Amino acid sequence: MDLRGWVMTEAVTLIDAGVAVGVAIHRVVSGLFGLSRQQYRQQYQRHHAFNLFGDSEKLDELEDDHFIEWKWKELDINILVEIIQSFNILELTSSSIAHVCSIWRSKTCDLTMSNSNYIVIPMEPYVYMDSRSDKILTRVLKIALSLSRGNIITLIFHFDQCPSDDQLIYTTTRCPRLKRLVLPSWNRIKKSEICRIFRMWKDLESLTIHYIGDPSFFISEIAKNCKNFYQLKITGPCDLSLAHSLVAFLPNLKVLSLRCSIVSIDSLIFILDRLEQLEVLNISHCVLIEVPFPSASNRIIKKLDGSILEKASQLRKFFRCMKDSCILCQRTKNDVLMKWHRYEEVLWKEDEVESLAL
């Protein structure tokens, strides 16, 4: 199929969907009418289209401009051909364009292709984010979410991305129908704002989040506002406080993953006894301890006894790995709180529960 045929069958469809290339082309063509072929080639063709993704000054324009609504299927095919041909192969396959274009097909905004630069500090919020990384994350969020038209239902942050209050609230307003949130790092987000997003995301069904010091404050908000919530993944210590919060506020939880966490045996037993609707539990690569941490006398349990296995047998699926030879089990034991940045990029995305893996 030649380029003209491809444009007719593919490009116009993408433009109608409102994806990144469509908006980029829209910005180009908005200024074309009334200009000669030679003029638009010189003034608009590449500068406005491709710089949309590379020039931070275009970010505010994307938010504030009121574009003229064109009927794309009525657009002259010669204009579309000229615009598509103006990109070289690297630009057409660049991660910025290709990723944003995929949003409409999957209704997923996956930000894990890039991470952020930060340093750990001894006071709240315990991380200092590099300003350039912050600006890039804001830019990507605004471009991707502006083009989504509220259709994103899955949002995935990288574990090294620490969104701010403003970034997360902006995301909330642009993704009102969100069903799945993967937010491994939330150090810069106030508790009040965490609670606020759950009040707004009433369709939320699944959450992946890192260590929570006091879990009740957000679990209670999920219970009050997210009536279809059924799936939770927490990487970090699981003690009786977390177990009690789950049972008290999320008694209908069906899927729980504590993968690569420190888990007290009391909390595990409490979850197995009290979460009566639980169907899937993952404690793979967890370190099980006998007494509540942070006591120095914690004793590591290397094998589950028969009574716990009998309780777990009532579940539809129970995942576990406690092998001394397992590298991930060793890393959990050594790190206590998993330091994912030290290891292979793919590891933090994995989960034995298929619906939680990325």
# chains A, B, ... in the order shown; residues from 1 in each chain; ligands from 1
call {"tool": "residues_around", "arguments": {"residues": "Leu232 (chain A)", "least_positions_apart": "6", "cutoff": "12 Å", "atoms": "only C-alpha atoms", "output": "PyMOL selection string"}}
result
chain A and resi 180-183+204-210+219+222+246+250+252-259+278+280-282+353+355-356
call {"tool": "residues_around", "arguments": {"residues": "region 191-201 of chain A", "least_positions_apart": "3", "cutoff": "7 Å", "atoms": "only C-alpha atoms", "output": "list in words"}}
result
Asp165, Ile169, Thr172, Pro176, Arg177, Leu178, Leu204, Phe218, Glu221, Ile222 and Asn225 of chain A
call {"tool": "atom_distance", "arguments": {"atom1": "CA of Arg320 (chain A)", "atom2": "CA of His341 (chain A)"}}
result
23.5 Å
call {"tool": "atom_distance", "arguments": {"atom1": "CA of Val263 (chain A)", "atom2": "CA of Leu288 (chain A)"}}
result
4.9 Å
call {"tool": "closest_residue", "arguments": {"among": "A:Thr235, A:Gln314, A:Gln161, A:Thr154", "to": "Ser106 (chain A)", "atoms": "only C-alpha atoms"}}
result
A:Thr154
call {"tool": "atom_distance", "arguments": {"atom1": "CA of Arg188 (chain A)", "atom2": "CA of Leu141 (chain A)"}}
result
16.7 Å
call {"tool": "closest_residue", "arguments": {"among": "A:Arg274, A:Ala312, A:Ile152, A:Cys260", "to": "Leu347 (chain A)", "atoms": "only C-alpha atoms"}}
result
A:Cys260
call {"tool": "select_by_dssp", "arguments": {"residues": "region 170-230 of chain A", "states": "strand (DSSP E or B)", "output": "PyMOL selection string"}}
result
chain A and resi 180-183+206-210
call {"tool": "closest_residue", "arguments": {"among": "A:Gln277, A:Ser216, A:Thr108, A:Asn151", "to": "Phe249 (chain A)", "atoms": "only C-alpha atoms"}}
result
A:Ser216
call {"tool": "closest_residue", "arguments": {"among": "A:Gln330, A:Asn298, A:Ser241, A:Ser220", "to": "Ser284 (chain A)", "atoms": "only C-alpha atoms"}}
result
A:Gln330
call {"tool": "select_by_dssp", "arguments": {"residues": "region 107-227 of chain A", "states": "helix (DSSP H, G or I)", "output": "PyMOL selection string"}}
result
chain A and resi 131-148+165-174+191-200+216-225
call {"tool": "residues_around", "arguments": {"residues": "Leu337 (chain A)", "least_positions_apart": "4", "cutoff": "8 Å", "atoms": "only C-alpha atoms", "output": "number ranges by chain"}}
result
A: 235-237, 261-262, 332
call {"tool": "write_last_selection", "arguments": {"atoms": "N, CA and C atoms", "output": "PDB file, in the first residue's frame"}}
result
ATOM      1  N   THR A 235       3.726  -2.828  48.324  1.00  0.00           N
ATOM      2  CA  THR A 235       5.096  -3.292  48.528  1.00  0.00           C
ATOM      3  C   THR A 235       5.658  -2.539  49.725  1.00  0.00           C
ATOM      4  N   GLY A 236       5.890  -3.252  50.786  1.00  0.00           N
ATOM      5  CA  GLY A 236       6.371  -2.641  52.019  1.00  0.00           C
ATOM      6  C   GLY A 236       5.911  -3.472  53.197  1.00  0.00           C
ATOM      7  N   PRO A 237       6.253  -3.088  54.404  1.00  0.00           N
ATOM      8  CA  PRO A 237       5.892  -3.878  55.580  1.00  0.00           C
ATOM      9  C   PRO A 237       4.398  -4.088  55.722  1.00  0.00           C
ATOM     10  N   SER A 261       7.755  -8.125  50.281  1.00  0.00           N
ATOM     11  CA  SER A 261       7.506  -7.297  51.466  1.00  0.00           C
ATOM     12  C   SER A 261       7.912  -8.049  52.727  1.00  0.00           C
ATOM     13  N   ILE A 262       8.028  -7.301  53.809  1.00  0.00           N
ATOM     14  CA  ILE A 262       8.210  -7.903  55.128  1.00  0.00           C
ATOM     15  C   ILE A 262       6.819  -8.081  55.729  1.00  0.00           C
ATOM     16  N   THR A 332      14.848  -9.100  49.209  1.00  0.00           N
ATOM     17  CA  THR A 332      13.849  -8.597  50.160  1.00  0.00           C
ATOM     18  C   THR A 332      14.408  -8.630  51.577  1.00  0.00           C
TER      19      THR A 332
END
call {"tool": "closest_residue", "arguments": {"among": "A:Cys175, A:Arg149, A:Lys302, A:Leu111", "to": "Cys162 (chain A)", "atoms": "only C-alpha atoms"}}
result
A:Leu111
call {"tool": "closest_residue", "arguments": {"among": "A:Cys321, A:Ile300, A:Val291, A:Val247", "to": "Leu275 (chain A)", "atoms": "only C-alpha atoms"}}
result
A:Val247
